[in-house]
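Novice: Pasting input_23.txt below, which is compact mmCIF, C-alpha atoms.
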# COMPACT_ATOMS: atom_id res chain seq x y z
CA MET A 1 27.10 -6.91 31.85
CA ILE A 2 26.89 -7.64 28.16
CA LEU A 3 23.93 -9.91 28.75
CA ASP A 4 22.23 -7.18 30.75
CA ILE A 5 22.66 -4.70 27.94
CA VAL A 6 21.43 -7.16 25.33
CA SER A 7 18.36 -8.08 27.33
CA THR A 8 17.64 -4.43 28.01
CA VAL A 9 17.80 -3.75 24.31
CA PHE A 10 15.39 -6.63 23.67
CA ILE A 11 12.91 -5.34 26.21
CA ALA A 12 13.21 -1.82 24.85
CA GLY A 13 12.46 -3.21 21.39
CA ALA A 14 9.36 -4.94 22.72
CA ALA A 15 8.29 -1.68 24.38
CA LEU A 16 8.72 0.23 21.14
CA LEU A 17 6.73 -2.40 19.26
CA SER A 18 3.94 -2.07 21.79
CA LEU A 19 3.99 1.67 21.42
CA ALA A 20 3.89 1.32 17.65
CA ALA A 21 0.91 -1.00 17.95
CA GLY A 22 -0.92 1.43 20.18
CA ILE A 23 -0.24 4.44 17.98
CA GLY A 24 -1.08 2.46 14.85
CA SER A 25 -4.37 1.26 16.24
CA LEU A 26 -5.16 4.82 17.23
CA ARG A 27 -4.15 6.55 14.03
CA PHE A 28 -5.00 4.18 11.21
CA PRO A 29 -8.34 4.81 9.56
CA ASP A 30 -9.52 1.30 8.90
CA LEU A 31 -10.21 -1.96 10.66
CA LEU A 32 -7.77 -3.95 8.55
CA SER A 33 -5.02 -1.36 8.93
CA ARG A 34 -5.51 -1.42 12.67
CA MET A 35 -5.27 -5.20 12.61
CA HIS A 36 -2.00 -4.89 10.74
CA ALA A 37 -0.62 -2.45 13.28
CA SER A 38 -1.74 -4.13 16.44
CA SER A 39 -0.48 -7.61 15.56
CA LYS A 40 3.18 -6.64 15.79
CA PRO A 41 3.93 -7.02 19.49
CA GLN A 42 1.75 -10.06 19.92
CA LEU A 43 4.42 -12.39 18.61
CA PHE A 44 7.61 -10.52 17.84
CA GLY A 45 7.57 -8.43 20.99
CA LEU A 46 6.84 -11.53 23.01
CA VAL A 47 9.71 -13.42 21.38
CA MET A 48 12.05 -10.54 22.19
CA VAL A 49 10.88 -10.55 25.80
CA MET A 50 11.41 -14.29 25.87
CA PHE A 51 15.00 -13.86 24.74
CA ALA A 52 15.53 -11.25 27.44
CA VAL A 53 14.09 -13.53 30.10
CA GLY A 54 16.19 -16.42 28.85
CA LEU A 55 19.33 -14.32 28.96
CA GLN A 56 18.63 -13.11 32.46
CA ILE A 57 17.35 -16.29 34.07
CA ARG A 58 19.30 -19.26 32.79
CA HIS A 59 17.17 -22.05 34.13
CA TRP A 60 15.07 -24.52 32.25
CA GLY A 61 11.95 -23.91 34.28
CA PRO A 62 11.19 -20.30 33.32
CA VAL A 63 12.53 -20.76 29.79
CA SER A 64 10.25 -23.72 29.15
CA THR A 65 7.31 -21.75 30.50
CA MET A 66 8.18 -18.95 28.11
CA PHE A 67 8.33 -21.49 25.30
CA ILE A 68 4.84 -22.63 26.20
CA ILE A 69 3.58 -19.04 26.19
CA VAL A 70 5.18 -18.27 22.84
CA PHE A 71 3.83 -21.43 21.23
CA PHE A 72 0.38 -20.67 22.55
CA GLN A 73 0.52 -17.22 21.04
CA LEU A 74 1.90 -18.68 17.84
CA PHE A 75 -1.12 -20.89 17.44
CA THR A 76 -3.83 -18.56 18.69
CA VAL A 77 -2.90 -15.17 17.26
CA PRO A 78 -3.49 -16.13 13.60
CA VAL A 79 -6.79 -17.75 14.52
CA ALA A 80 -7.98 -14.68 16.36
CA ALA A 81 -6.84 -12.36 13.58
CA HIS A 82 -8.55 -14.52 10.99
CA MET A 83 -11.81 -14.53 12.89
CA ILE A 84 -11.77 -10.80 13.45
CA GLY A 85 -11.01 -10.13 9.80
CA ARG A 86 -13.70 -12.54 8.70
CA ALA A 87 -16.27 -10.93 10.94
CA GLY A 88 -15.23 -7.51 9.68
CA TYR A 89 -15.57 -8.58 6.07
CA ARG A 90 -18.89 -10.26 6.50
CA THR A 91 -20.39 -7.38 8.37
CA LYS A 92 -18.94 -5.00 5.77
CA HIS A 93 -16.86 -3.15 8.24
CA LEU A 94 -14.18 -2.18 5.82
CA ARG A 95 -13.62 0.73 3.54
CA ARG A 96 -13.69 -0.53 0.03
CA SER A 97 -11.93 2.53 -1.25
CA MET A 98 -8.98 1.62 0.95
CA LEU A 99 -8.43 -1.67 -0.82
CA TYR A 100 -6.20 -2.18 -3.80
CA ARG A 101 -7.83 -5.48 -4.55
CA ASP A 102 -10.58 -7.53 -3.02
CA GLU A 103 -9.83 -11.08 -4.00
CA LEU A 104 -12.82 -12.46 -2.17
CA ASP A 105 -15.25 -10.25 -4.00
CA ASP A 106 -15.50 -12.41 -7.10
CA ALA A 107 -16.26 -15.50 -5.09
CA VAL A 108 -18.87 -13.65 -3.05
CA ALA A 109 -20.50 -12.25 -6.18
CA ARG A 110 -20.60 -15.68 -7.76
CA ALA A 111 -22.12 -17.24 -4.67
CA HIS A 112 -24.70 -14.47 -4.52
CA ALA A 113 -25.64 -14.95 -8.17
CA ARG A 114 -25.88 -18.69 -7.68
CA GLU A 115 -28.11 -18.20 -4.70
CA VAL A 116 -30.39 -15.79 -6.51
CA ALA A 117 -30.66 -18.20 -9.42
CA GLU A 118 -31.48 -21.02 -7.05
CA ARG A 119 -34.19 -18.97 -5.43
CA GLU A 120 -35.67 -18.00 -8.77
CA ARG A 121 -35.69 -21.58 -9.90
CA ARG A 122 -37.41 -22.66 -6.71
CA GLU A 123 -39.99 -19.93 -7.08
CA LEU A 124 -40.75 -21.04 -10.62
CA ALA A 125 -41.05 -24.65 -9.52
CA GLU A 126 -43.46 -23.69 -6.76
CA LYS A 127 -45.50 -21.64 -9.14
CA ASP A 128 -45.77 -24.55 -11.58
CA ARG A 129 -46.72 -26.90 -8.82
CA ASP A 130 -49.37 -24.54 -7.54
CA THR A 131 -50.91 -24.11 -10.97
CA ASP A 132 -50.84 -27.84 -11.69
CA SER A 133 -52.37 -29.16 -8.50
CA ALA A 134 -53.19 -26.60 -5.88
CA GLY A 135 -53.52 -27.91 -2.38
CA PRO A 136 -53.16 -26.66 1.18
CA ALA A 137 -50.58 -29.33 2.05
CA SER A 138 -48.18 -28.23 -0.65
CA GLY A 139 -48.68 -24.63 0.39
CA SER A 140 -47.56 -25.29 3.96
CA ALA A 141 -44.60 -27.32 2.75
CA SER A 142 -43.48 -24.50 0.52
CA GLY A 143 -43.80 -22.12 3.43
CA GLU A 144 -41.42 -24.21 5.55
CA ASP A 145 -39.07 -24.42 2.65
CA ARG A 146 -39.02 -20.69 2.30
CA THR A 147 -38.17 -20.09 5.93
CA ALA A 148 -35.25 -22.49 5.66
CA ASN A 149 -34.05 -20.60 2.64
CA ASP A 150 -34.21 -17.37 4.57
CA HIS A 151 -31.80 -18.79 7.11
CA ASP A 152 -29.40 -19.61 4.32
CA GLU A 153 -29.66 -16.09 3.04
CA SER A 154 -28.83 -14.60 6.39
CA ASP A 155 -25.80 -16.85 6.64
CA THR A 156 -24.08 -15.63 3.54
CA GLY A 157 -23.46 -12.23 5.01
CA ARG A 158 -23.68 -10.55 1.65
CA MET B 159 13.10 -19.06 44.38
CA ASN B 160 15.49 -19.99 41.65
CA GLY B 161 14.81 -16.79 39.72
CA GLN B 162 16.88 -14.81 42.16
CA GLN B 163 20.07 -15.63 40.39
CA GLY B 164 19.01 -13.35 37.56
CA ILE B 165 20.85 -10.11 37.95
CA PRO B 166 18.34 -7.45 38.95
CA LEU B 167 18.81 -4.61 36.54
CA VAL B 168 16.55 -2.22 38.36
CA ASN B 169 17.35 -2.02 42.02
CA LEU B 170 16.10 1.51 42.52
CA ASP B 171 19.21 2.81 44.23
CA GLY B 172 20.24 5.15 41.51
CA GLY B 173 22.58 4.05 38.77
CA PRO B 174 21.98 3.73 35.05
CA GLY B 175 19.73 0.69 35.30
CA THR B 176 17.08 2.65 37.14
CA VAL B 177 16.78 5.27 34.45
CA VAL B 178 16.59 2.71 31.67
CA GLY B 179 13.96 0.71 33.52
CA LEU B 180 11.86 3.78 34.14
CA VAL B 181 12.05 4.85 30.51
CA ILE B 182 10.98 1.41 29.32
CA GLY B 183 8.15 1.42 31.83
CA LEU B 184 7.01 4.78 30.58
CA ILE B 185 7.00 3.53 27.01
CA PHE B 186 4.85 0.58 28.01
CA LEU B 187 2.55 2.91 29.89
CA ALA B 188 2.18 5.21 26.90
CA ALA B 189 1.39 2.23 24.65
CA ALA B 190 -1.28 1.03 27.07
CA VAL B 191 -2.82 4.50 27.35
CA VAL B 192 -2.98 4.90 23.58
CA ALA B 193 -4.60 1.49 23.19
CA ILE B 194 -7.14 2.41 25.86
CA ILE B 195 -7.95 5.60 23.97
CA ARG B 196 -8.74 3.51 20.91
CA ILE B 197 -10.85 1.19 23.02
CA VAL B 198 -12.87 4.15 24.23
CA LYS B 199 -13.43 5.80 20.90
CA GLY B 200 -13.34 2.88 18.49
CA PRO B 201 -16.37 3.14 16.24
CA SER B 202 -17.17 -0.54 16.28
CA ILE B 203 -16.76 -3.44 18.59
CA LEU B 204 -14.21 -5.01 16.28
CA ASP B 205 -11.99 -1.96 16.60
CA ARG B 206 -12.34 -2.22 20.32
CA MET B 207 -11.42 -5.88 20.18
CA ILE B 208 -8.30 -5.19 18.15
CA ALA B 209 -7.27 -2.44 20.54
CA THR B 210 -7.89 -4.85 23.39
CA ASP B 211 -5.55 -7.32 21.76
CA ALA B 212 -2.92 -4.61 21.46
CA LEU B 213 -3.43 -3.71 25.12
CA LEU B 214 -3.10 -7.32 26.20
CA ALA B 215 0.05 -7.74 24.14
CA THR B 216 1.45 -4.63 25.78
CA ILE B 217 0.63 -5.98 29.21
CA MET B 218 2.22 -9.31 28.35
CA CYS B 219 5.41 -7.67 27.16
CA GLY B 220 5.46 -5.47 30.26
CA VAL B 221 5.04 -8.43 32.58
CA GLY B 222 7.80 -10.21 30.68
CA GLY B 223 10.00 -7.18 31.16
CA VAL B 224 9.31 -7.26 34.89
CA VAL B 225 10.23 -10.95 34.90
CA ALA B 226 13.48 -10.28 33.10
CA PHE B 227 14.40 -7.24 35.17
CA SER B 228 13.60 -8.45 38.64
CA GLY B 229 13.70 -12.20 38.26
CA ARG B 230 10.18 -12.82 39.46
CA THR B 231 9.41 -16.05 37.67
CA ASP B 232 6.12 -16.44 39.47
CA LEU B 233 4.64 -13.97 36.98
CA LEU B 234 5.04 -16.31 34.02
CA PRO B 235 1.66 -18.05 34.53
CA VAL B 236 0.11 -14.59 34.54
CA MET B 237 1.40 -14.11 31.02
CA LEU B 238 -0.06 -17.45 29.99
CA VAL B 239 -3.46 -16.54 31.40
CA ILE B 240 -3.41 -13.12 29.73
CA SER B 241 -2.70 -14.63 26.34
CA MET B 242 -5.50 -17.12 26.82
CA PHE B 243 -7.91 -14.33 27.74
CA GLY B 244 -6.99 -12.43 24.61
CA PHE B 245 -7.65 -15.41 22.38
CA VAL B 246 -10.95 -16.35 23.98
CA GLY B 247 -12.19 -12.77 23.94
CA ALA B 248 -11.29 -12.19 20.32
CA VAL B 249 -12.87 -15.40 19.12
CA GLY B 250 -16.02 -14.91 21.15
CA VAL B 251 -16.60 -11.34 20.13
CA SER B 252 -15.89 -11.91 16.48
CA ARG B 253 -18.09 -14.97 16.46
CA TYR B 254 -21.14 -13.20 17.76
CA VAL B 255 -20.73 -9.81 16.21
CA SER B 256 -23.55 -8.76 13.94
CA ARG B 257 -24.27 -5.90 11.67
CA ALA B 258 -26.34 -4.12 14.27
CA ASP B 259 -23.38 -4.00 16.64
CA LEU B 260 -21.05 -2.22 14.36
CA ARG B 261 -21.22 1.51 14.47
CA THR B 262 -21.82 2.78 17.93
CA THR B 263 -20.24 6.20 18.25
CA ALA B 264 -20.44 9.63 16.69
CA ARG B 265 -20.10 8.39 13.14
CA TYR B 266 -23.04 6.13 13.68
CA ARG B 267 -25.15 8.87 15.15
CA ARG B 268 -24.34 11.20 12.30
CA MET B 269 -25.15 8.56 9.75
CA HIS B 270 -28.34 7.58 11.49
CA ARG B 271 -29.64 11.11 11.52
CA ARG B 272 -28.98 11.29 7.82
CA ASP B 273 -30.87 8.14 7.14
CA ASN B 274 -33.83 9.44 9.01
CA ASP B 275 -33.76 12.42 6.70
CA THR B 276 -33.84 10.39 3.54
CA GLY B 277 -36.18 7.81 5.01
CA LEU B 278 -34.59 5.02 3.04
CA ILE B 279 -32.44 2.82 5.15
CA GLY B 280 -34.12 0.19 7.22
CA THR B 281 -37.63 1.17 6.33
CA VAL B 282 -38.26 -1.68 3.89
CA GLU B 283 -38.21 -5.20 5.15
CA GLY B 284 -35.56 -7.26 3.48
CA ILE B 285 -33.42 -4.55 2.03
CA GLU B 286 -30.11 -4.85 3.70
CA PRO B 287 -28.93 -1.70 5.35
CA SER B 288 -26.22 -1.01 2.80
CA VAL B 289 -22.76 0.27 3.54
CA PRO B 290 -22.99 3.17 5.93
CA GLU B 291 -19.22 3.56 5.99
CA LEU B 292 -19.38 4.44 2.34
CA ALA B 293 -22.13 6.93 2.99
CA VAL B 294 -20.06 8.59 5.67
CA GLU B 295 -17.11 8.62 3.33
CA LEU B 296 -19.12 10.33 0.67
CA GLU B 297 -20.32 12.86 3.15
CA GLU B 298 -16.81 13.60 4.28
CA ALA B 299 -15.69 13.83 0.70
CA ARG B 300 -18.37 16.40 0.02
CA LEU B 301 -17.00 18.48 2.83
CA VAL B 302 -13.32 18.06 2.08
CA ASP B 303 -12.81 17.25 -1.56
CA PRO B 304 -15.60 18.04 -4.01
CA ASP B 305 -13.74 16.45 -6.91
CA ARG B 306 -13.57 13.15 -5.16
CA ALA B 307 -17.25 13.34 -4.23
CA ALA B 308 -18.10 13.97 -7.85
CA ARG B 309 -16.04 10.97 -8.87
CA MET B 310 -17.75 8.77 -6.32
CA GLU B 311 -21.14 9.83 -7.48
CA GLY B 312 -20.18 9.30 -11.10
CA ARG B 313 -19.16 5.81 -10.27
CA GLU B 314 -22.54 5.16 -8.78
CA THR B 315 -24.42 6.45 -11.75
CA GLU B 316 -22.64 3.93 -13.93
CA LEU B 317 -24.01 1.19 -11.77
CA GLU B 318 -27.48 2.55 -11.74
CA ALA B 319 -28.74 0.53 -14.67
CA SER B 320 -28.16 -2.74 -12.89
CA SER B 321 -29.42 -1.63 -9.54
CA LEU B 322 -32.54 -3.65 -9.27
CA ARG B 323 -33.07 -5.36 -5.99
CA VAL B 324 -35.31 -8.33 -5.47
CA TYR B 325 -36.45 -9.20 -2.05
CA PHE B 326 -39.19 -11.11 -0.34
CA ASP B 327 -41.46 -9.63 2.25
CA GLU B 328 -42.88 -11.50 5.18
CA ASN B 329 -45.66 -13.08 3.13
CA GLY B 330 -43.19 -14.59 0.76
CA THR B 331 -44.26 -12.60 -2.26
CA ARG B 332 -41.66 -11.27 -4.55
CA GLN B 333 -40.97 -7.56 -4.60
CA GLU B 334 -38.73 -5.54 -6.81
CA VAL B 335 -37.37 -2.17 -6.00
CA THR B 336 -35.40 -0.09 -8.39
CA ARG B 337 -33.13 2.65 -7.25
CA ALA B 338 -34.98 5.45 -8.92
CA GLU B 339 -38.13 5.13 -6.93
CA ASP B 340 -38.67 5.37 -3.26
CA PRO B 341 -39.56 2.27 -1.25
CA PRO B 342 -43.29 1.76 -0.87
CA ASP B 343 -43.60 2.66 2.78
CA GLY B 344 -40.74 5.10 2.92
CA SER B 345 -41.49 8.07 5.06
CA SER B 346 -41.75 11.31 3.21
CA PRO B 347 -38.40 13.01 3.14
CA SER B 348 -38.96 15.92 5.43
CA SER B 349 -36.31 18.31 4.29
CA SER B 350 -34.63 19.72 7.34
CA GLY B 351 -31.43 21.47 6.51
CA GLY B 352 -28.94 21.22 3.74
CA SER B 353 -27.98 17.58 4.04
CA SER B 354 -31.29 16.37 2.69
CA ALA B 355 -31.67 18.89 -0.04
CA ASN B 356 -31.61 16.14 -2.62
CA PRO B 357 -32.67 12.89 -1.01
CA GLN B 358 -32.64 10.81 -4.15
CA LYS B 359 -29.08 11.71 -4.84
CA ASN B 360 -28.10 11.16 -1.27
CA SER B 361 -29.57 7.74 -1.15
CA ARG B 362 -27.89 6.40 -4.20
CA PRO B 363 -24.33 5.63 -3.16
CA HIS B 364 -25.09 3.35 -0.25
CA GLU B 365 -27.16 0.97 -2.20
CA ALA B 366 -25.33 0.71 -5.44
CA VAL B 367 -22.14 -0.14 -3.66
CA ALA B 368 -23.97 -2.71 -1.61
CA ASP B 369 -24.59 -5.10 -4.44
CA SER B 370 -21.80 -4.51 -6.90
CA ASP B 371 -18.73 -2.44 -6.39
CA SER B 372 -16.13 -1.46 -8.86
CA GLN B 373 -12.52 -1.31 -7.90
CA SER B 374 -11.38 0.58 -10.92
CA SER B 375 -11.19 4.07 -9.51
CA ASP B 376 -10.63 3.13 -5.91
CA ALA B 377 -6.87 3.25 -5.76
CA ASP B 378 -6.91 6.93 -6.58
CA HIS B 379 -8.57 7.80 -3.31
CA ARG B 380 -6.10 6.19 -1.02
CA GLU B 381 -4.17 9.28 -0.08
CA ASP B 382 -7.38 11.15 0.43
CA ASP B 383 -8.54 8.54 2.85
CA PHE B 384 -5.40 8.71 4.86
CA ARG B 385 -5.66 12.43 5.03
CA GLY B 386 -9.34 12.45 5.79
CA GLY B 387 -8.79 9.78 8.40
CA ASP B 388 -10.97 9.52 11.40
CA GLY B 389 -11.77 13.11 12.15
CA ALA B 390 -12.05 13.22 15.89
Since I need it in another form, could you write the structure as structure tokens?

Specialist:
Amino acid sequence: MILDIVSTVFIAGAALLSLAAGIGSLRFPDLLSRMHASSKPQLFGLVMVMFAVGLQIRHWGPVSTMFIIVFFQLFTVPVAAHMIGRAGYRTKHLRRSMLYRDELDDAVARAHAREVAERERRELAEKDRDTDSAGPASGSASGEDRTANDHDESDTGR
Amino acid sequence: MNGQQGIPLVNLDGGPGTVVGLVIGLIFLAAAVVAIIRIVKGPSILDRMIATDALLATIMCGVGGVVAFSGRTDLLPVMLVISMFGFVGAVGVSRYVSRADLRTTARYRRMHRRDNDTGLIGTVEGIEPSVPELAVELEEARLVDPDRAARMEGRETELEASSLRVYFDENGTRQEVTRAEDPPDGSSPSSSGGSSANPQKNSRPHEAVADSDSQSSDADHREDDFRGGDGA
């Protein structure tokens, strides 16, 4: 009887966490806030459900399966959240006025400045080479070089 | 099956266990419905993916509750498969998302109409299409809070001196565009209505925030953002 009540309380807690995740992902105004809200039941709710299952069914078979499920979630949920947040940052899908601090912004600005400087330097080098000894072969080579550089530019996401 | 020794809490013959089980089931159902609402209206595919994760977590917890209540241990592999689907879906979608996929609903349509009015965004090759979220924010701030709109615009005018953008067109020649002038092939701003009464001023905030953004006066707007939220 006591175990029934305890497991019922655990499952009710998981249900309330799921409801909180749903309401949070509906009501919050930003991608990152929604990530914060919706990541609650993915591990904690599942751990509570696992305790309830373990209290109800006291066999090693189902409990070990629940352990496998929880460990799988434990390894994959941070990876998925990281990739979603990274994609959101790189595609600028965040409200900057919602942030107290953007710690990645300095690094991105530095990388952008470095890249612009590199491009300027390469442009100057090409210009010098063209003025020194102009030739069609060097022109085609510089064209290939520029297309490669364009790929780099599209990869920075800035 | 060995799961039958678990005491079935819900045996649907009346009693307190039935009511508790039904209430918990209704809570799970409400959580799933709310997550589905966010999936339907989410402005970008990343929002939809996050809501999908919340929905899958809800389904996993619900299936776990069914396992604990009724002792059906054959549903445990279903939970494993659901968690694997959530991971694979999130990684795949976030790996191949691009900037063109982002805004797909009413906010995007509103913003797109505005950009057609100013004729700035996306008309010049190589200029990145700026931060439309910020543009929408400024538009909302003009409607709701004129003080905040004035502050946002003031912040942009500080940055105006350094707003010189260098890009390369398809021939590889170097082009420079300053903020004050229109892009070379920008369509003439056909003024249709009040939103494009001052196209130069409208076009400024996207771009200046795109290359350098100040965080100094951002924390002041937090409450406004929560209040102004998501509109619909």

Novice: Between B:Ala209, B:Val249, B:Ile195, B:Leu214, which has the minimum distance to Met237 in chain B (counting only C-alpha atoms)?

Specialist: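 Distance minimum relative to Met237 in chain B lands on B:Leu214.
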
Novice: Give me, as a VMD selection string, all polymer residues having an atom no more than 12 Å from range 186-192 of chain B, counting all atoms listed in the file and skipping those fewer than 3 positions away in the same chain.

Specialist: (chain A and resid 11 to 27 38 41 45) or (chain B and resid 179 to 183 195 to 200 209 to 224)

Novice: Between A:Ser64, A:Thr131, A:Ser33, A:Thr76, which has the minimum distance to chain B (counting all atoms listed in the file)?

Specialist: A:Thr76

Novice: Please determine, counting all atoms listed in the file, which residue among B:Val255, B:Val239, B:Val177, B:Ile208 has the shortest atom-to-atom distance to Ala87 in chain A.

Specialist: B:Val255

Novice: Rank A:Pro78, A:Leu99, A:Ile68, A:Val108 by their smallest atom-to-atom distance to Gln42 in chain A, using all atoms listed in the file, and report the top residue only.

Specialist: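 So, comparing all the options, the nearest one is A:Pro78.
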
Novice: Using all atoms listed in the file for the distances, tell me which of A:Val70, A:Arg110, A:Leu43, A:Ile57 is nearest to chain B.

Specialist: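 Selected residue with least distance to chain B: A:Ile57.
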
Novice: Quick one: distance from CA of Met35 in chain A to CA of Met207 in chain B in Å, one decimal?

Specialist: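 Calculated distance between CA of Met35 in chain A and CA of Met207 in chain B is 9.8 Å.
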
Novice: Axis-aligned box over every listed atom of range 85-103 of chain A, padded by 6 Å per side: centre and edges in Å to one decimal, as JSON?

Specialist:
{"center_x": -13.3, "center_y": -5.0, "center_z": 3.2, "size_x": 26.2, "size_y": 27.1, "size_z": 27.5}

Novice: Counting only C-alpha atoms, what is within 9 Å of Val53 in chain A, bar same-chain residues fewer than 6 positions away, as a list of chain:residue names?

Specialist: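 Here the qualifying residues turn out to be A:Ser7, A:Pro62, A:Val63, A:Met66, B:Gly164, B:Gly222, B:Gly223, B:Val225, B:Ala226, B:Phe227, B:Gly229.
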
Novice: Counting all atoms listed in the file, which residue out of A:Leu124, A:Leu3, A:Ala52, A:Leu31 sits closest to Gly88 in chain A?

Specialist: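 Selected residue with least distance to Gly88 in chain A: A:Leu31.
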